[in-house]
Amino acid sequence: MENAVLITIGDEILSGNTVDTNSNFIATELKNIGIKVSQIFTISDEIDTIKKTIQSAFEVGNLIITTGGLGPTRDDKTKKAIAEFFNDEIALDEVTFDHLKNYMEKRGRLEILERNREQAFVPTKSKVFQNHFGTAPCMMMEQDGKLLFSLPGVPYEVKPLIKDQIVPYLQEKFSLHYISTRIVSVVGIPESILADMIEDWELALPKNLALSYLPVGTRVKLRLTATGENETILQQQLEEEIQKLLPLIKDNVIATSEDKIEKILAEILTERKLTISTAESCTGGELAKMITSVSGSSKYFLGGMIAYATEKKIDILKVKKETVEEFTVVSEQVASEMAKGCQKLFNTNISLSTTGVAGPGKGEDGKDVGTVFYTIRVDEKEVTSKLYMPHLERLDFMNFVSQKIIQDLVGILINN
């Protein structure tokens with residue numbers, strides 16, 4: 001069992017109203033046990049479409065996982081499509097109904113048990129994995145050594161079903177290879193130039209190792225993936241190859257393990273026992289959100305504020321009114337004074353500030369959309385920079401700028 005295909009079912013995904021986070025999660029969990037996802041389909045909740053997609057999926061892989069399309073009503077097309085595909089019938093499963101009854105009873109919802117009774121009807125050939133966080137069970141069908149798992153679509157139901165039941169089942173049923181991954185984060189080198197610099201090293205990689213280039217803003221993540229039967233040996237192999245790589249690009253490497261820039265920062269701040277605060281305008285709290293998304297961030301993040309209005313920059317962060325009048329609110333001078341005021345307000349080692357125009361309209365001082373000044377202040381030293389990203393939409397702009405600021409801060413801390 002090496003190839004899997006994921007099928008996301010539901011018009012809400014196709015319409016763009018709902019983001020498919022399940023596929024990303026499932027693909028990651030499968031990768032960790034040595035199963036590669038070859039294709040991902042997103043389809044409508046129609047019986048013929050579901051059956052045709054299952055057929056296409058089995059031509060590609062021997063494991064299919066579907067999410068979505070399972071509901072409490074009789075017009076549940078996913079369940080019907082699966083039963084028809086496997087020449088099966090749907091019938092009440094007493095074990096599943098008892099589980100459903102207990103689930104409803106614990107939540108004080110027995111009055112709606114009969115309305116959800118249809119959830120306990122499953123294909124007679126299926127193996128049922130009970131859902132402890134919702135009403136729709138997971139059903140597994142097997143044919144000619146190939147498996148299909150049908151899951152509900154709610155992410156908080158999908159995750160425990162995958163982690164606690166399906167992954168252990170697959171590990172027990174099949175002899176799976178391990179897949180180990182390491183990320184090397186590189187800054188300051190364009191992807192094309194980086195590829196030239198490490199070409200000889202890349203060509204000399206062992207056959208069981210693969211390299212991917214993953215650009216994120218102005219950072220390039222080099223993802224090394226090793227496949228084999230012994231996880232310890234794979235990790236040693238990855239470390240050996242990374243040690244061969246480092247002399248080629250060492251000055252531009254900011255991390256060799258963690259993936260997300262905010263986690264890289266977290267390791268540095270925790271190790272050095274440094275504290276940090278934020279004063280944001282155009283990023284609207286995205287910077288603080290990224291920093292605090294890491295577990296344990298309360299050890300180093302003391303606080304932040306969104307000083308959106310100019311008067312709040314003056315009243316709370318003590319930006320001089322004269323500075324705003326002379327240089328405008330979107331300026332390096334204001335960014336600098338915001339950072340200094342923030343550092344004093346929260347009494348932190350480090351402070352970060354942003355002032356700019358996220359769009360879609362121009363700023364109150366006439367600055368173009370996509371203009372941003374940001375200051376990184378570490379103790380008494382500070383660096384103020386300017387970015388101009390007019391092509392980015394508002395939310396993408398906020399995220400890109402926040403990523404870039406944290407990346408710059410990591411670089412400063414590493415080199416000092």
# chains A, B, ... in the order shown; residues from 1 in each chain; ligands from 1
>>> select_by_dssp(residues="region 183-406 of chain A", states="helix (DSSP H, G or I)", output="number ranges by chain")
A: 191-197, 199-203, 231-252, 261-272, 286-292, 297-299, 310-315, 321-327, 332-346, 394-406
>>> closest_atom_pairs(of="region 260-317 of chain A", to="region 331-354 of chain A", cutoff="8 Å", atoms="only C-alpha atoms", output="Markdown table")
| residue | atom | partner | partner_atom | distance |
| --- | --- | --- | --- | --- |
| A:Leu274 | CA | A:Asn349 | CA | 6.0 |
| A:Thr275 | CA | A:Thr348 | CA | 5.1 |
| A:Ile276 | CA | A:Ile350 | CA | 4.5 |
| A:Ser277 | CA | A:Ser351 | CA | 4.8 |
| A:Thr278 | CA | A:Leu352 | CA | 4.8 |
| A:Ala279 | CA | A:Ser353 | CA | 4.6 |
| A:Glu280 | CA | A:Thr354 | CA | 4.9 |
| A:Ser281 | CA | A:Thr354 | CA | 5.6 |
| A:Cys282 | CA | A:Thr354 | CA | 6.3 |
| A:Thr283 | CA | A:Thr354 | CA | 6.7 |
| A:Leu302 | CA | A:Phe346 | CA | 6.6 |
| A:Gly303 | CA | A:Phe346 | CA | 6.6 |
| A:Gly304 | CA | A:Cys342 | CA | 7.9 |
| A:Lys313 | CA | A:Met338 | CA | 6.9 |
| A:Ile316 | CA | A:Gly341 | CA | 7.9 |
| A:Leu317 | CA | A:Gly341 | CA | 4.6 |
>>> write_last_selection(atoms="N, CA, C and O atoms", output="PDB file, in the first residue's frame")
ATOM      1  N   LEU A 274      14.080  35.660  25.823  1.00  0.00           N
ATOM      2  CA  LEU A 274      13.771  37.018  25.378  1.00  0.00           C
ATOM      3  C   LEU A 274      12.264  37.219  25.343  1.00  0.00           C
ATOM      4  O   LEU A 274      11.505  36.269  25.127  1.00  0.00           O
ATOM      5  N   THR A 275      11.823  38.450  25.526  1.00  0.00           N
ATOM      6  CA  THR A 275      10.400  38.776  25.449  1.00  0.00           C
ATOM      7  C   THR A 275      10.144  39.668  24.247  1.00  0.00           C
ATOM      8  O   THR A 275      11.044  40.360  23.755  1.00  0.00           O
ATOM      9  N   ILE A 276       8.889  39.656  23.779  1.00  0.00           N
ATOM     10  CA  ILE A 276       8.550  40.378  22.550  1.00  0.00           C
ATOM     11  C   ILE A 276       7.154  40.981  22.663  1.00  0.00           C
ATOM     12  O   ILE A 276       6.287  40.454  23.367  1.00  0.00           O
ATOM     13  N   SER A 277       6.946  42.108  21.970  1.00  0.00           N
ATOM     14  CA  SER A 277       5.634  42.756  21.904  1.00  0.00           C
ATOM     15  C   SER A 277       5.442  43.320  20.507  1.00  0.00           C
ATOM     16  O   SER A 277       6.398  43.449  19.734  1.00  0.00           O
ATOM     17  N   THR A 278       4.190  43.653  20.175  1.00  0.00           N
ATOM     18  CA  THR A 278       3.887  44.149  18.830  1.00  0.00           C
ATOM     19  C   THR A 278       2.999  45.385  18.874  1.00  0.00           C
ATOM     20  O   THR A 278       2.128  45.505  19.730  1.00  0.00           O
ATOM     21  N   ALA A 279       3.235  46.290  17.943  1.00  0.00           N
ATOM     22  CA  ALA A 279       2.374  47.465  17.742  1.00  0.00           C
ATOM     23  C   ALA A 279       2.030  47.498  16.260  1.00  0.00           C
ATOM     24  O   ALA A 279       2.879  47.785  15.423  1.00  0.00           O
ATOM     25  N   GLU A 280       0.789  47.188  15.922  1.00  0.00           N
ATOM     26  CA  GLU A 280       0.408  47.009  14.525  1.00  0.00           C
ATOM     27  C   GLU A 280      -0.626  48.017  14.072  1.00  0.00           C
ATOM     28  O   GLU A 280      -1.504  48.410  14.831  1.00  0.00           O
ATOM     29  N   SER A 281      -0.494  48.362  12.804  1.00  0.00           N
ATOM     30  CA  SER A 281      -1.516  49.175  12.162  1.00  0.00           C
ATOM     31  C   SER A 281      -2.033  48.422  10.944  1.00  0.00           C
ATOM     32  O   SER A 281      -3.037  47.737  11.010  1.00  0.00           O
ATOM     33  N   CYS A 282      -1.307  48.459   9.848  1.00  0.00           N
ATOM     34  CA  CYS A 282      -1.804  47.858   8.607  1.00  0.00           C
ATOM     35  C   CYS A 282      -1.899  46.339   8.642  1.00  0.00           C
ATOM     36  O   CYS A 282      -2.639  45.744   7.853  1.00  0.00           O
ATOM     37  N   THR A 283      -1.178  45.672   9.542  1.00  0.00           N
ATOM     38  CA  THR A 283      -1.258  44.211   9.623  1.00  0.00           C
ATOM     39  C   THR A 283      -2.410  43.748  10.500  1.00  0.00           C
ATOM     40  O   THR A 283      -2.710  42.552  10.570  1.00  0.00           O
ATOM     41  N   LEU A 302       4.506  39.174  25.510  1.00  0.00           N
ATOM     42  CA  LEU A 302       3.888  39.848  26.654  1.00  0.00           C
ATOM     43  C   LEU A 302       2.643  40.642  26.286  1.00  0.00           C
ATOM     44  O   LEU A 302       1.808  40.919  27.144  1.00  0.00           O
ATOM     45  N   GLY A 303       2.517  41.011  25.023  1.00  0.00           N
ATOM     46  CA  GLY A 303       1.317  41.741  24.633  1.00  0.00           C
ATOM     47  C   GLY A 303       1.493  42.457  23.314  1.00  0.00           C
ATOM     48  O   GLY A 303       2.592  42.566  22.773  1.00  0.00           O
ATOM     49  N   GLY A 304       0.370  42.950  22.807  1.00  0.00           N
ATOM     50  CA  GLY A 304       0.404  43.694  21.548  1.00  0.00           C
ATOM     51  C   GLY A 304      -0.809  44.586  21.456  1.00  0.00           C
ATOM     52  O   GLY A 304      -1.774  44.421  22.196  1.00  0.00           O
ATOM     53  N   LYS A 313      -1.969  55.962  17.941  1.00  0.00           N
ATOM     54  CA  LYS A 313      -0.505  55.882  17.858  1.00  0.00           C
ATOM     55  C   LYS A 313       0.113  56.987  18.711  1.00  0.00           C
ATOM     56  O   LYS A 313       1.144  56.790  19.370  1.00  0.00           O
ATOM     57  N   ILE A 316      -1.314  56.383  22.830  1.00  0.00           N
ATOM     58  CA  ILE A 316      -0.883  55.197  23.561  1.00  0.00           C
ATOM     59  C   ILE A 316       0.594  54.862  23.333  1.00  0.00           C
ATOM     60  O   ILE A 316       1.325  54.562  24.275  1.00  0.00           O
ATOM     61  N   LEU A 317       1.015  54.964  22.065  1.00  0.00           N
ATOM     62  CA  LEU A 317       2.400  54.598  21.746  1.00  0.00           C
ATOM     63  C   LEU A 317       3.360  55.786  21.816  1.00  0.00           C
ATOM     64  O   LEU A 317       4.564  55.631  21.624  1.00  0.00           O
TER      65      LEU A 317
END
>>> residues_around(residues="region 108-117 of chain A", least_positions_apart="3", cutoff="12 Å", atoms="only C-alpha atoms", output="list in words")
Leu70, Gly71, Pro72, Thr73, Arg74, Asp76, Ala91, Leu92, Asp93, Glu94, Thr96, Phe97, Asp98, His99, Leu100, Lys101, Asn102, Tyr103, Met104, Glu105, Ala120, Phe121, Val122, Gly134, Thr135, Ala136 and Pro137 of chain A
>>> closest_residue(among="A:Ala204, A:Val37, A:Ala4, A:Val253", to="Ile189 (chain A)", atoms="only C-alpha atoms")
A:Val253
>>> residues_around(residues="Leu413 (chain A)", least_positions_apart="4", cutoff="12 Å", atoms="only C-alpha atoms", output="compact mmCIF listing (two decimals) with all heavy atoms, in the first residue's frame")
# COMPACT_ATOMS: atom_id res chain seq x y z
N ILE A 254 18.48 29.78 8.16
CA ILE A 254 17.99 30.26 9.45
C ILE A 254 17.42 29.12 10.30
O ILE A 254 17.16 29.32 11.48
CB ILE A 254 16.92 31.36 9.28
CG1 ILE A 254 15.72 30.85 8.49
CG2 ILE A 254 17.52 32.60 8.64
CD1 ILE A 254 14.56 31.83 8.44
N ILE A 264 10.20 28.76 14.36
CA ILE A 264 11.64 29.01 14.39
C ILE A 264 11.93 30.14 15.38
O ILE A 264 12.85 30.05 16.20
CB ILE A 264 12.16 29.37 12.98
CG1 ILE A 264 11.96 28.18 12.03
CG2 ILE A 264 13.63 29.77 13.03
CD1 ILE A 264 12.24 28.50 10.58
N LEU A 265 11.13 31.19 15.30
CA LEU A 265 11.29 32.31 16.24
C LEU A 265 11.06 31.85 17.67
O LEU A 265 11.80 32.24 18.59
CB LEU A 265 10.31 33.43 15.89
CG LEU A 265 10.29 34.62 16.85
CD1 LEU A 265 11.64 35.34 16.87
CD2 LEU A 265 9.17 35.59 16.48
N ALA A 266 10.05 31.02 17.88
CA ALA A 266 9.73 30.54 19.22
C ALA A 266 10.91 29.83 19.87
O ALA A 266 11.21 30.03 21.06
CB ALA A 266 8.53 29.60 19.17
N GLU A 267 11.61 29.01 19.09
CA GLU A 267 12.77 28.29 19.62
C GLU A 267 13.86 29.25 20.08
O GLU A 267 14.47 29.08 21.13
CB GLU A 267 13.32 27.33 18.56
CG GLU A 267 12.48 26.09 18.34
CD GLU A 267 13.18 25.06 17.47
OE1 GLU A 267 14.22 25.41 16.86
OE2 GLU A 267 12.70 23.92 17.41
N ILE A 268 14.10 30.28 19.26
CA ILE A 268 15.15 31.24 19.58
C ILE A 268 14.79 32.04 20.83
O ILE A 268 15.61 32.21 21.74
CB ILE A 268 15.40 32.18 18.39
CG1 ILE A 268 15.90 31.39 17.18
CG2 ILE A 268 16.41 33.26 18.76
CD1 ILE A 268 15.99 32.20 15.91
N LEU A 269 13.56 32.56 20.87
CA LEU A 269 13.15 33.38 22.01
C LEU A 269 13.15 32.57 23.30
O LEU A 269 13.56 33.07 24.35
CB LEU A 269 11.75 33.96 21.75
CG LEU A 269 11.63 34.94 20.59
CD1 LEU A 269 10.18 35.42 20.46
CD2 LEU A 269 12.55 36.13 20.74
N GLU A 271 14.92 29.81 23.96
CA GLU A 271 16.29 29.45 24.33
C GLU A 271 17.03 30.63 24.97
O GLU A 271 17.77 30.48 25.94
CB GLU A 271 17.05 28.97 23.09
CG GLU A 271 18.49 28.57 23.36
CD GLU A 271 19.22 28.17 22.08
OE1 GLU A 271 18.55 27.92 21.06
OE2 GLU A 271 20.46 28.11 22.12
N ARG A 272 16.80 31.84 24.44
CA ARG A 272 17.53 33.02 24.93
C ARG A 272 16.77 33.77 26.02
O ARG A 272 17.24 34.78 26.52
CB ARG A 272 17.82 33.96 23.75
CG ARG A 272 18.67 33.32 22.66
CD ARG A 272 19.11 34.36 21.64
NE ARG A 272 19.77 33.74 20.51
CZ ARG A 272 20.32 34.43 19.50
NH1 ARG A 272 20.25 35.77 19.50
NH2 ARG A 272 20.90 33.81 18.50
N LEU A 274 14.08 35.66 25.82
CA LEU A 274 13.77 37.02 25.38
C LEU A 274 12.26 37.22 25.34
O LEU A 274 11.50 36.27 25.13
CB LEU A 274 14.35 37.27 23.98
CG LEU A 274 15.88 37.18 23.85
CD1 LEU A 274 16.28 37.30 22.38
CD2 LEU A 274 16.55 38.26 24.68
N ASN A 349 12.15 42.89 25.56
CA ASN A 349 13.45 42.98 24.89
C ASN A 349 13.29 43.40 23.43
O ASN A 349 14.11 44.13 22.88
CB ASN A 349 14.16 41.62 24.93
CG ASN A 349 14.35 41.10 26.34
OD1 ASN A 349 13.70 40.14 26.74
ND2 ASN A 349 15.24 41.72 27.11
N ILE A 350 12.22 42.89 22.83
CA ILE A 350 12.00 43.10 21.40
C ILE A 350 10.63 43.70 21.17
O ILE A 350 9.66 43.34 21.84
CB ILE A 350 12.09 41.76 20.63
CG1 ILE A 350 13.45 41.08 20.87
CG2 ILE A 350 11.85 41.96 19.13
CD1 ILE A 350 13.47 39.63 20.44
N ILE A 376 11.92 46.73 13.56
CA ILE A 376 12.29 45.66 14.47
C ILE A 376 13.26 46.25 15.48
O ILE A 376 14.35 46.72 15.11
CB ILE A 376 12.96 44.48 13.73
CG1 ILE A 376 11.99 43.89 12.70
CG2 ILE A 376 13.45 43.42 14.71
CD1 ILE A 376 12.62 42.85 11.79
N ARG A 377 12.86 46.27 16.72
CA ARG A 377 13.68 46.88 17.78
C ARG A 377 14.11 45.79 18.76
O ARG A 377 13.28 45.12 19.37
CB ARG A 377 12.91 47.97 18.48
CG ARG A 377 13.73 48.76 19.50
CD ARG A 377 12.93 49.92 20.07
NE ARG A 377 13.68 50.61 21.10
CZ ARG A 377 14.56 51.58 20.88
NH1 ARG A 377 14.78 52.00 19.64
NH2 ARG A 377 15.20 52.15 21.89
N VAL A 378 15.41 45.59 18.90
CA VAL A 378 15.98 44.61 19.82
C VAL A 378 16.84 45.36 20.82
O VAL A 378 17.89 45.91 20.45
CB VAL A 378 16.80 43.54 19.09
CG1 VAL A 378 17.34 42.51 20.09
CG2 VAL A 378 15.97 42.86 18.01
N ASP A 379 16.38 45.42 22.05
CA ASP A 379 17.02 46.25 23.08
C ASP A 379 17.10 47.69 22.58
O ASP A 379 16.07 48.27 22.27
CB ASP A 379 18.38 45.67 23.46
CG ASP A 379 18.25 44.30 24.12
OD1 ASP A 379 17.27 44.10 24.88
OD2 ASP A 379 19.09 43.42 23.88
N LYS A 381 18.80 48.67 19.82
CA LYS A 381 19.08 48.71 18.39
C LYS A 381 17.80 48.47 17.60
O LYS A 381 16.94 47.69 18.02
CB LYS A 381 20.12 47.65 18.03
CG LYS A 381 21.48 47.87 18.69
CD LYS A 381 22.45 46.78 18.28
CE LYS A 381 23.81 46.98 18.95
NZ LYS A 381 24.77 45.91 18.57
N GLU A 382 17.68 49.13 16.47
CA GLU A 382 16.50 48.93 15.66
C GLU A 382 16.82 49.03 14.17
O GLU A 382 17.79 49.68 13.77
CB GLU A 382 15.40 49.93 16.02
CG GLU A 382 15.70 51.37 15.67
CD GLU A 382 14.51 52.27 15.97
OE1 GLU A 382 13.84 52.09 17.00
OE2 GLU A 382 14.26 53.18 15.15
N ILE A 406 8.83 38.60 10.79
CA ILE A 406 9.34 37.54 11.67
C ILE A 406 10.60 36.93 11.09
O ILE A 406 11.57 36.64 11.80
CB ILE A 406 8.26 36.47 11.90
CG1 ILE A 406 7.07 37.08 12.65
CG2 ILE A 406 8.83 35.30 12.71
CD1 ILE A 406 5.92 36.12 12.86
N GLN A 407 10.61 36.75 9.77
CA GLN A 407 11.79 36.22 9.11
C GLN A 407 12.99 37.14 9.31
O GLN A 407 14.11 36.68 9.62
CB GLN A 407 11.51 36.05 7.61
CG GLN A 407 12.69 35.54 6.80
CD GLN A 407 12.35 35.43 5.33
OE1 GLN A 407 11.44 34.69 4.96
NE2 GLN A 407 13.06 36.16 4.49
N ASP A 408 12.79 38.45 9.15
CA ASP A 408 13.88 39.41 9.36
C ASP A 408 14.37 39.38 10.80
O ASP A 408 15.57 39.45 11.06
CB ASP A 408 13.41 40.82 9.01
CG ASP A 408 13.28 41.05 7.51
OD1 ASP A 408 13.54 40.11 6.75
OD2 ASP A 408 12.91 42.18 7.11
N LEU A 409 13.43 39.27 11.73
CA LEU A 409 13.80 39.22 13.14
C LEU A 409 14.64 37.98 13.43
O LEU A 409 15.66 38.06 14.14
CB LEU A 409 12.55 39.22 14.03
CG LEU A 409 12.79 39.01 15.53
CD1 LEU A 409 13.73 40.06 16.09
CD2 LEU A 409 11.46 39.00 16.28
>>> atom_distance(atom1="CA of Leu176 (chain A)", atom2="CA of Ala226 (chain A)")
13.6 Å
>>> closest_residue(among="A:Ile249, A:Gly359, A:Glu84, A:Gly61", to="Glu199 (chain A)", atoms="only C-alpha atoms")
A:Ile249
>>> residues_around(residues="Glu239 (chain A)", least_positions_apart="5", cutoff="10 Å", atoms="only C-alpha atoms", output="NGL selection string")
:A and (182 or 224 or 233-234 or 244-245 or 256-257)
>>> write_last_selection(atoms="all heavy atoms", output="short mmCIF file (atom, residue, chain, number, x, y, z; two decimals), in the first residue's frame")
data_model
loop_
_atom_site.label_atom_id
_atom_site.label_comp_id
_atom_site.auth_asym_id
_atom_site.auth_seq_id
_atom_site.Cartn_x
_atom_site.Cartn_y
_atom_site.Cartn_z
N ARG A 182 12.83 16.61 6.71
CA ARG A 182 13.51 17.73 7.35
C ARG A 182 13.38 18.96 6.44
O ARG A 182 13.37 18.85 5.21
CB ARG A 182 14.99 17.42 7.57
CG ARG A 182 15.27 16.43 8.68
CD ARG A 182 15.21 17.04 10.06
NE ARG A 182 16.22 18.05 10.28
CZ ARG A 182 17.47 17.79 10.67
NH1 ARG A 182 17.86 16.52 10.88
NH2 ARG A 182 18.34 18.77 10.87
N LEU A 224 13.64 17.96 2.50
CA LEU A 224 14.27 16.67 2.22
C LEU A 224 13.39 15.56 2.76
O LEU A 224 13.04 15.55 3.94
CB LEU A 224 15.63 16.61 2.91
CG LEU A 224 16.88 16.97 2.10
CD1 LEU A 224 18.10 16.92 3.00
CD2 LEU A 224 17.06 16.02 0.93
N ILE A 233 17.39 5.17 11.07
CA ILE A 233 18.39 5.27 10.00
C ILE A 233 18.05 6.41 9.05
O ILE A 233 18.93 7.15 8.60
CB ILE A 233 18.48 3.93 9.22
CG1 ILE A 233 19.08 2.85 10.12
CG2 ILE A 233 19.30 4.10 7.95
CD1 ILE A 233 19.12 1.47 9.49
N LEU A 234 16.77 6.60 8.77
CA LEU A 234 16.35 7.69 7.89
C LEU A 234 16.70 9.04 8.49
O LEU A 234 17.19 9.94 7.79
CB LEU A 234 14.84 7.62 7.63
CG LEU A 234 14.33 6.43 6.81
CD1 LEU A 234 12.82 6.53 6.65
CD2 LEU A 234 15.01 6.37 5.45
N LYS A 244 26.19 18.04 4.86
CA LYS A 244 26.91 18.24 3.59
C LYS A 244 26.43 19.51 2.89
O LYS A 244 27.19 20.18 2.19
CB LYS A 244 26.68 17.04 2.67
CG LYS A 244 27.27 15.74 3.17
CD LYS A 244 26.90 14.61 2.21
CE LYS A 244 27.37 13.25 2.75
NZ LYS A 244 26.94 12.13 1.84
N LEU A 245 25.14 19.83 3.09
CA LEU A 245 24.55 20.99 2.42
C LEU A 245 24.98 22.31 3.06
O LEU A 245 25.24 23.30 2.35
CB LEU A 245 23.02 20.87 2.47
CG LEU A 245 22.20 22.09 2.07
CD1 LEU A 245 22.38 22.38 0.57
CD2 LEU A 245 20.72 21.89 2.40
N THR A 256 17.11 24.42 10.42
CA THR A 256 17.28 23.13 9.74
C THR A 256 16.30 22.08 10.26
O THR A 256 16.48 20.90 10.03
CB THR A 256 18.72 22.59 9.95
OG1 THR A 256 18.94 22.41 11.36
CG2 THR A 256 19.75 23.53 9.36
N SER A 257 15.28 22.52 10.97
CA SER A 257 14.32 21.53 11.48
C SER A 257 12.89 22.04 11.35
O SER A 257 12.09 21.51 10.59
CB SER A 257 14.63 21.18 12.93
OG SER A 257 14.67 22.35 13.73
#
>>> decode(residues="region 138-145 of chain A", atoms="all heavy atoms", output="JSON list (two decimals), in the first residue's frame")
[["chain", "number", "residue", "atom", "x", "y", "z"],
["A", 138, "CYS", "N", -17.63, 6.53, 10.43],
["A", 138, "CYS", "CA", -16.74, 6.28, 9.30],
["A", 138, "CYS", "C", -16.97, 4.85, 8.83],
["A", 138, "CYS", "O", -17.05, 3.93, 9.65],
["A", 138, "CYS", "CB", -15.28, 6.47, 9.72],
["A", 138, "CYS", "SG", -14.08, 5.86, 8.52],
["A", 139, "MET", "N", -17.11, 4.66, 7.52],
["A", 139, "MET", "CA", -17.35, 3.34, 6.95],
["A", 139, "MET", "C", -16.19, 2.94, 6.05],
["A", 139, "MET", "O", -15.73, 3.74, 5.25],
["A", 139, "MET", "CB", -18.65, 3.36, 6.14],
["A", 139, "MET", "CG", -19.88, 3.73, 6.96],
["A", 139, "MET", "SD", -21.27, 4.26, 5.92],
["A", 139, "MET", "CE", -20.67, 5.84, 5.31],
["A", 140, "MET", "N", -15.73, 1.72, 6.20],
["A", 140, "MET", "CA", -14.65, 1.21, 5.36],
["A", 140, "MET", "C", -15.15, 0.06, 4.50],
["A", 140, "MET", "O", -15.78, -0.87, 4.99],
["A", 140, "MET", "CB", -13.47, 0.73, 6.21],
["A", 140, "MET", "CG", -12.25, 0.34, 5.37],
["A", 140, "MET", "SD", -11.07, -0.70, 6.28],
["A", 140, "MET", "CE", -11.88, -2.30, 6.20],
["A", 141, "MET", "N", -14.85, 0.14, 3.21],
["A", 141, "MET", "CA", -15.18, -0.95, 2.28],
["A", 141, "MET", "C", -13.88, -1.50, 1.72],
["A", 141, "MET", "O", -12.93, -0.75, 1.45],
["A", 141, "MET", "CB", -16.06, -0.42, 1.14],
["A", 141, "MET", "CG", -17.34, 0.28, 1.59],
["A", 141, "MET", "SD", -18.53, -0.83, 2.35],
["A", 141, "MET", "CE", -19.14, -1.72, 0.91],
["A", 142, "GLU", "N", -13.84, -2.82, 1.52],
["A", 142, "GLU", "CA", -12.64, -3.46, 0.98],
["A", 142, "GLU", "C", -13.00, -4.34, -0.20],
["A", 142, "GLU", "O", -13.99, -5.07, -0.17],
["A", 142, "GLU", "CB", -11.95, -4.30, 2.06],
["A", 142, "GLU", "CG", -10.65, -4.93, 1.60],
["A", 142, "GLU", "CD", -9.86, -5.57, 2.72],
["A", 142, "GLU", "OE1", -10.39, -5.61, 3.87],
["A", 142, "GLU", "OE2", -8.73, -6.02, 2.50],
["A", 143, "GLN", "N", -12.18, -4.24, -1.25],
["A", 143, "GLN", "CA", -12.44, -5.03, -2.46],
["A", 143, "GLN", "C", -11.13, -5.28, -3.18],
["A", 143, "GLN", "O", -10.41, -4.34, -3.51],
["A", 143, "GLN", "CB", -13.42, -4.30, -3.37],
["A", 143, "GLN", "CG", -13.78, -5.05, -4.65],
["A", 143, "GLN", "CD", -14.86, -4.34, -5.43],
["A", 143, "GLN", "OE1", -16.03, -4.37, -5.07],
["A", 143, "GLN", "NE2", -14.47, -3.67, -6.50],
["A", 144, "ASP", "N", -10.81, -6.54, -3.41],
["A", 144, "ASP", "CA", -9.58, -6.92, -4.11],
["A", 144, "ASP", "C", -8.35, -6.29, -3.47],
["A", 144, "ASP", "O", -7.41, -5.85, -4.17],
["A", 144, "ASP", "CB", -9.66, -6.52, -5.59],
["A", 144, "ASP", "CG", -10.82, -7.17, -6.31],
["A", 144, "ASP", "OD1", -11.15, -8.32, -5.96],
["A", 144, "ASP", "OD2", -11.40, -6.53, -7.20],
["A", 145, "GLY", "N", -8.32, -6.23, -2.15],
["A", 145, "GLY", "CA", -7.16, -5.70, -1.45],
["A", 145, "GLY", "C", -7.09, -4.19, -1.40],
["A", 145, "GLY", "O", -6.16, -3.62, -0.83]]
